[in-house]
$ cat protein05.pdb   # PDB, C-alpha atoms
ATOM      1  CA  MET A   1      82.744 123.695  11.450
ATOM      2  CA  SER A   2      81.375 127.188  11.749
ATOM      3  CA  VAL A   3      78.641 128.157  14.177
ATOM      4  CA  GLN A   4      76.287 128.728  11.249
ATOM      5  CA  GLU A   5      76.977 125.247   9.818
ATOM      6  CA  ARG A   6      76.400 123.669  13.230
ATOM      7  CA  LYS A   7      73.104 125.520  13.640
ATOM      8  CA  GLU A   8      71.961 124.449  10.162
ATOM      9  CA  ARG A   9      72.869 120.843  10.917
ATOM     10  CA  GLU A  10      71.006 120.956  14.252
ATOM     11  CA  ARG A  11      67.985 122.487  12.538
ATOM     12  CA  ALA A  12      67.973 119.751   9.888
ATOM     13  CA  LEU A  13      68.240 117.083  12.607
ATOM     14  CA  ARG A  14      65.316 118.626  14.513
ATOM     15  CA  GLU A  15      63.248 118.740  11.353
ATOM     16  CA  ARG A  16      63.966 115.064  10.621
ATOM     17  CA  LEU A  17      63.044 114.228  14.219
ATOM     18  CA  ILE A  18      59.713 116.049  13.890
ATOM     19  CA  VAL A  19      58.870 114.247  10.648
ATOM     20  CA  ALA A  20      59.951 110.837  11.961
ATOM     21  CA  THR A  21      57.966 111.322  15.165
ATOM     22  CA  ALA A  22      54.859 112.465  13.282
ATOM     23  CA  ARG A  23      55.152 109.468  10.993
ATOM     24  CA  GLU A  24      55.596 107.067  13.894
ATOM     25  CA  LEU A  25      52.661 108.525  15.800
ATOM     26  CA  ALA A  26      50.456 108.445  12.691
ATOM     27  CA  GLU A  27      51.356 104.817  11.970
ATOM     28  CA  GLN A  28      50.611 103.843  15.584
ATOM     29  CA  GLN A  29      47.485 105.891  16.278
ATOM     30  CA  GLY A  30      46.375 107.539  13.053
ATOM     31  CA  TRP A  31      46.759 111.101  11.794
ATOM     32  CA  ASP A  32      44.132 112.436  14.196
ATOM     33  CA  ALA A  33      46.568 111.682  17.019
ATOM     34  CA  VAL A  34      49.245 113.867  15.423
ATOM     35  CA  THR A  35      48.985 117.306  16.987
ATOM     36  CA  THR A  36      51.660 119.922  17.482
ATOM     37  CA  ARG A  37      51.197 119.591  21.226
ATOM     38  CA  ARG A  38      51.779 115.816  21.186
ATOM     39  CA  LEU A  39      54.712 116.155  18.810
ATOM     40  CA  ALA A  40      56.302 118.812  21.007
ATOM     41  CA  GLU A  41      55.912 116.560  24.038
ATOM     42  CA  ARG A  42      57.361 113.529  22.253
ATOM     43  CA  ILE A  43      60.391 115.297  20.826
ATOM     44  CA  GLU A  44      60.868 117.339  24.003
ATOM     45  CA  TYR A  45      60.851 120.710  22.299
ATOM     46  CA  SER A  46      58.370 123.522  22.720
ATOM     47  CA  GLN A  47      55.559 124.130  20.267
ATOM     48  CA  PRO A  48      57.225 127.379  19.102
ATOM     49  CA  VAL A  49      60.266 125.308  18.077
ATOM     50  CA  LEU A  50      57.962 123.062  16.060
ATOM     51  CA  TYR A  51      56.371 126.111  14.441
ATOM     52  CA  SER A  52      59.819 127.428  13.537
ATOM     53  CA  HIS A  53      60.130 124.376  11.246
ATOM     54  CA  PHE A  54      56.539 123.843  10.089
ATOM     55  CA  ARG A  55      53.586 126.239  10.072
ATOM     56  CA  GLY A  56      51.323 123.434  11.245
ATOM     57  CA  LYS A  57      50.155 119.886  10.799
ATOM     58  CA  ARG A  58      49.461 120.373   7.084
ATOM     59  CA  GLU A  59      53.132 121.081   6.369
ATOM     60  CA  ILE A  60      54.182 118.127   8.517
ATOM     61  CA  ILE A  61      51.864 115.878   6.500
ATOM     62  CA  GLY A  62      53.460 117.306   3.354
ATOM     63  CA  ALA A  63      56.952 116.518   4.645
ATOM     64  CA  VAL A  64      55.903 112.940   5.426
ATOM     65  CA  ALA A  65      54.375 112.672   1.945
ATOM     66  CA  LEU A  66      57.596 113.808   0.286
ATOM     67  CA  GLU A  67      59.618 111.336   2.327
ATOM     68  CA  GLY A  68      57.147 108.615   1.387
ATOM     69  CA  ALA A  69      57.312 109.493  -2.299
ATOM     70  CA  THR A  70      61.083 109.088  -2.216
ATOM     71  CA  GLU A  71      60.743 105.709  -0.515
ATOM     72  CA  MET A  72      58.022 104.563  -2.904
ATOM     73  CA  ALA A  73      60.070 105.516  -5.959
ATOM     74  CA  ALA A  74      63.012 103.514  -4.621
ATOM     75  CA  ALA A  75      60.795 100.500  -3.865
ATOM     76  CA  LEU A  76      59.220 100.576  -7.333
ATOM     77  CA  ARG A  77      62.575 100.842  -9.077
ATOM     78  CA  ALA A  78      64.085  98.059  -6.969
ATOM     79  CA  ALA A  79      61.154  95.762  -7.732
ATOM     80  CA  THR A  80      61.206  96.401 -11.465
ATOM     81  CA  ALA A  81      65.008  96.126 -11.701
ATOM     82  CA  ALA A  82      64.829  92.640 -10.203
ATOM     83  CA  ALA A  83      62.165  91.456 -12.671
ATOM     84  CA  ASP A  84      62.969  89.751 -15.973
ATOM     85  CA  GLY A  85      60.768  90.636 -18.915
ATOM     86  CA  THR A  86      58.136  93.271 -19.554
ATOM     87  CA  ARG A  87      55.179  91.466 -17.977
ATOM     88  CA  ALA A  88      57.226  90.575 -14.912
ATOM     89  CA  ARG A  89      58.320  94.228 -14.527
ATOM     90  CA  VAL A  90      54.739  95.516 -14.717
ATOM     91  CA  ALA A  91      53.548  92.870 -12.240
ATOM     92  CA  ALA A  92      56.478  93.615  -9.912
ATOM     93  CA  LEU A  93      55.665  97.318 -10.072
ATOM     94  CA  ALA A  94      52.007  96.671  -9.218
ATOM     95  CA  HIS A  95      52.873  94.376  -6.314
ATOM     96  CA  ALA A  96      55.520  96.785  -4.990
ATOM     97  CA  TYR A  97      53.036  99.661  -5.093
ATOM     98  CA  LEU A  98      50.348  97.702  -3.256
ATOM     99  CA  ASP A  99      52.887  96.358  -0.744
ATOM    100  CA  PHE A 100      54.118  99.877  -0.026
ATOM    101  CA  ALA A 101      50.553 101.093   0.565
ATOM    102  CA  GLU A 102      49.840  98.160   2.881
ATOM    103  CA  ARG A 103      53.078  98.451   4.896
ATOM    104  CA  ASN A 104      52.909 102.249   5.250
ATOM    105  CA  PRO A 105      49.239 103.211   5.650
ATOM    106  CA  ALA A 106      49.839 106.559   7.378
ATOM    107  CA  VAL A 107      52.502 107.559   4.870
ATOM    108  CA  TYR A 108      50.245 106.484   2.006
ATOM    109  CA  ASP A 109      47.455 108.611   3.489
ATOM    110  CA  ALA A 110      49.823 111.577   3.721
ATOM    111  CA  MET A 111      50.766 111.088   0.082
ATOM    112  CA  PHE A 112      47.321 110.586  -1.424
ATOM    113  CA  ARG A 113      44.453 111.127   0.991
ATOM    114  CA  LEU A 114      45.346 114.024   3.276
ATOM    115  CA  ASP A 115      46.029 117.655   2.434
ATOM    116  CA  GLY A 116      49.745 118.215   2.786
ATOM    117  CA  GLY A 117      49.658 121.392   0.743
ATOM    118  CA  LEU A 118      51.520 119.764  -2.141
ATOM    119  CA  ALA A 119      50.811 120.371  -5.803
ATOM    120  CA  PHE A 120      50.333 117.326  -8.022
ATOM    121  CA  ALA A 121      50.704 117.374 -11.814
ATOM    122  CA  GLN A 122      51.667 121.050 -11.805
ATOM    123  CA  GLU A 123      54.733 123.092 -12.631
ATOM    124  CA  ASP A 124      55.485 123.499  -8.931
ATOM    125  CA  THR A 125      55.069 119.820  -8.037
ATOM    126  CA  PRO A 126      57.921 118.922  -5.653
ATOM    127  CA  GLU A 127      60.661 116.743  -7.139
ATOM    128  CA  PRO A 128      59.994 113.679  -4.918
ATOM    129  CA  LEU A 129      56.418 113.516  -6.239
ATOM    130  CA  LYS A 130      57.614 113.928  -9.821
ATOM    131  CA  ASP A 131      60.166 111.183  -9.258
ATOM    132  CA  ALA A 132      57.587 108.784  -7.807
ATOM    133  CA  PHE A 133      55.458 109.294 -10.911
ATOM    134  CA  ALA A 134      58.554 108.864 -13.076
ATOM    135  CA  ALA A 135      59.206 105.523 -11.353
ATOM    136  CA  LEU A 136      55.752 104.395 -12.492
ATOM    137  CA  LEU A 137      56.170 105.863 -15.986
ATOM    138  CA  GLU A 138      59.532 104.174 -16.568
ATOM    139  CA  THR A 139      57.863 100.767 -16.605
ATOM    140  CA  LEU A 140      54.313 101.586 -17.617
ATOM    141  CA  GLY A 141      55.237 103.925 -20.464
ATOM    142  CA  GLU A 142      56.628 100.991 -22.424
ATOM    143  CA  VAL A 143      53.301  99.093 -22.276
ATOM    144  CA  ALA A 144      50.892 101.947 -22.998
ATOM    145  CA  GLY A 145      50.149 100.710 -26.490
ATOM    146  CA  ASP A 146      50.130 102.356 -29.882
ATOM    147  CA  GLY A 147      48.512 105.761 -29.983
ATOM    148  CA  VAL A 148      48.168 105.941 -26.180
ATOM    149  CA  HIS A 149      49.945 108.756 -24.360
ATOM    150  CA  PRO A 150      52.357 107.054 -21.898
ATOM    151  CA  GLY A 151      51.629 109.605 -19.167
ATOM    152  CA  VAL A 152      47.866 109.189 -19.474
ATOM    153  CA  PHE A 153      48.226 105.404 -19.432
ATOM    154  CA  THR A 154      50.441 105.637 -16.346
ATOM    155  CA  GLU A 155      47.882 107.863 -14.615
ATOM    156  CA  SER A 156      45.128 105.365 -15.395
ATOM    157  CA  PHE A 157      47.134 102.363 -14.202
ATOM    158  CA  TRP A 158      48.156 104.291 -11.090
ATOM    159  CA  ALA A 159      44.510 105.176 -10.424
ATOM    160  CA  ALA A 160      43.622 101.479 -10.635
ATOM    161  CA  LEU A 161      46.424 100.604  -8.199
ATOM    162  CA  HIS A 162      45.324 103.372  -5.854
ATOM    163  CA  GLY A 163      41.760 102.092  -5.992
ATOM    164  CA  LEU A 164      42.905  98.565  -5.171
ATOM    165  CA  ALA A 165      45.082  99.807  -2.305
ATOM    166  CA  THR A 166      42.316 101.973  -0.863
ATOM    167  CA  LEU A 167      39.500  99.437  -1.227
ATOM    168  CA  THR A 168      41.625  96.595   0.120
ATOM    169  CA  ARG A 169      42.648  98.607   3.155
ATOM    170  CA  ALA A 170      39.027  99.542   3.827
ATOM    171  CA  GLY A 171      38.081  95.850   3.788
ATOM    172  CA  ARG A 172      35.905  96.327   0.696
ATOM    173  CA  LEU A 173      37.703  93.681  -1.383
ATOM    174  CA  PRO A 174      38.191  90.028  -0.378
ATOM    175  CA  PRO A 175      41.934  89.524   0.226
ATOM    176  CA  GLN A 176      42.059  86.070  -1.373
ATOM    177  CA  TYR A 177      41.711  87.632  -4.850
ATOM    178  CA  ALA A 178      44.519  90.179  -4.520
ATOM    179  CA  GLY A 179      46.845  88.329  -6.885
ATOM    180  CA  GLN A 180      44.102  87.851  -9.466
ATOM    181  CA  ARG A 181      43.354  91.573  -9.424
ATOM    182  CA  VAL A 182      46.971  92.398 -10.193
ATOM    183  CA  ASP A 183      47.003  89.784 -12.977
ATOM    184  CA  LEU A 184      43.881  91.347 -14.494
ATOM    185  CA  LEU A 185      45.429  94.803 -14.414
ATOM    186  CA  VAL A 186      48.647  93.601 -15.966
ATOM    187  CA  ASP A 187      47.102  91.344 -18.584
ATOM    188  CA  ARG A 188      44.094  93.441 -19.596
ATOM    189  CA  LEU A 189      45.292  97.000 -19.181
ATOM    190  CA  ALA A 190      48.909  96.801 -20.317
ATOM    191  CA  VAL A 191      49.821  95.990 -23.914
ATOM    192  CA  ILE A 192      52.516  93.381 -23.431
TER
END
$ encode --input "protein05.pdb" --output "structure tokens"
Amino acid sequence: MSVQERKERERALRERLIVATARELAEQQGWDAVTTRRLAERIEYSQPVLYSHFRGKREIIGAVALEGATEMAAALRAATAAADGTRARVAALAHAYLDFAERNPAVYDAMFRLDGGLAFAQEDTPEPLKDAFAALLETLGEVAGDGVHPGVFTESFWAALHGLATLTRAGRLPPQYAGQRVDLLVDRLAVI
């Protein structure tokens, strides 16, 4: 291995360590606790080393969001692949989405609530975000209904899921009706 290859590998490892540490700290204490100073202390590198990877917290949030999008896409595809039948796939997708949001609140915030400097629904949208949307579209596009644009339907269904995830997390919705909410979305919104 050349010196250049070793340096690139070490740099990639440091970057993964920064992202993993930021994610861990955010999950434990919230995003307000994630500062470059605290990250530098936790990973035992100087702040200038951190800044050589990321220009600041915003870019770190963006990196966590991209990692989360990759994980969410995998979770959605795994859930829908295990389901038998159209309705079961849509319900599995909805439950997997809401489960992901509940299990990974800081990552979900990085993806959809905080400014990570990422473009959504644009030409320059990063591939992990496009793939997460594609994971939704793969199942939801088939139940959009006649004359309904599959992408627009997917956006609307996604917005409903996001609303449920956000309101549930904020304690605004009684938890005992979570399953009924998903059933309503699946049965009333999707054409199955």
$ residues_around --input "protein05.pdb" --residues "Val64 in chain A" --least-positions-apart "4" --cutoff "8 Å" --atoms "all atoms listed in the file" --output "VMD selection string"
chain A and resid 19 to 20 22 to 23 60 68 107 110 to 111
$ closest_atom_pairs --input "protein05.pdb" --of "range 33-125 of chain A" --to "range 141-148 of chain A" --cutoff "10 Å" --atoms "only C-alpha atoms" --output "Markdown table"
| residue | atom | partner | partner_atom | distance |
| --- | --- | --- | --- | --- |
| A:Thr86 | CA | A:Val143 | CA | 8.0 |
| A:Arg87 | CA | A:Val143 | CA | 9.0 |
| A:Val90 | CA | A:Val143 | CA | 8.5 |
$ atom_distance --input "protein05.pdb" --atom1 "CA of Lys57 in chain A" --atom2 "CA of Phe133 in chain A"
24.7 Å
$ closest_residue --input "protein05.pdb" --among "A:Glu59, A:Glu127, A:Glu5, A:Glu41" --to "Asp115 in chain A" --atoms "all atoms listed in the file"
A:Glu59
$ atom_distance --input "protein05.pdb" --atom1 "CA of Arg38 in chain A" --atom2 "CA of Ala106 in chain A"
16.7 Å
$ resolve_selection --input "protein05.pdb" --expression "the PyMOL selection byres ((chain A and resi 88) around 12)" --output "NGL selection string"
:A and (79-87 or 89-96 or 139-140 or 143 or 182-183 or 186-187 or 190 or 192)
$ atom_distance --input "protein05.pdb" --atom1 "CA of Leu185 in chain A" --atom2 "CA of Leu161 in chain A"
8.6 Å
$ residues_around --input "protein05.pdb" --residues "Trp158 in chain A" --least-positions-apart "5" --cutoff "10 Å" --atoms "all atoms listed in the file" --output "ChimeraX atom specification"
/A:94,97,133,136-137,140,152-153,163-164
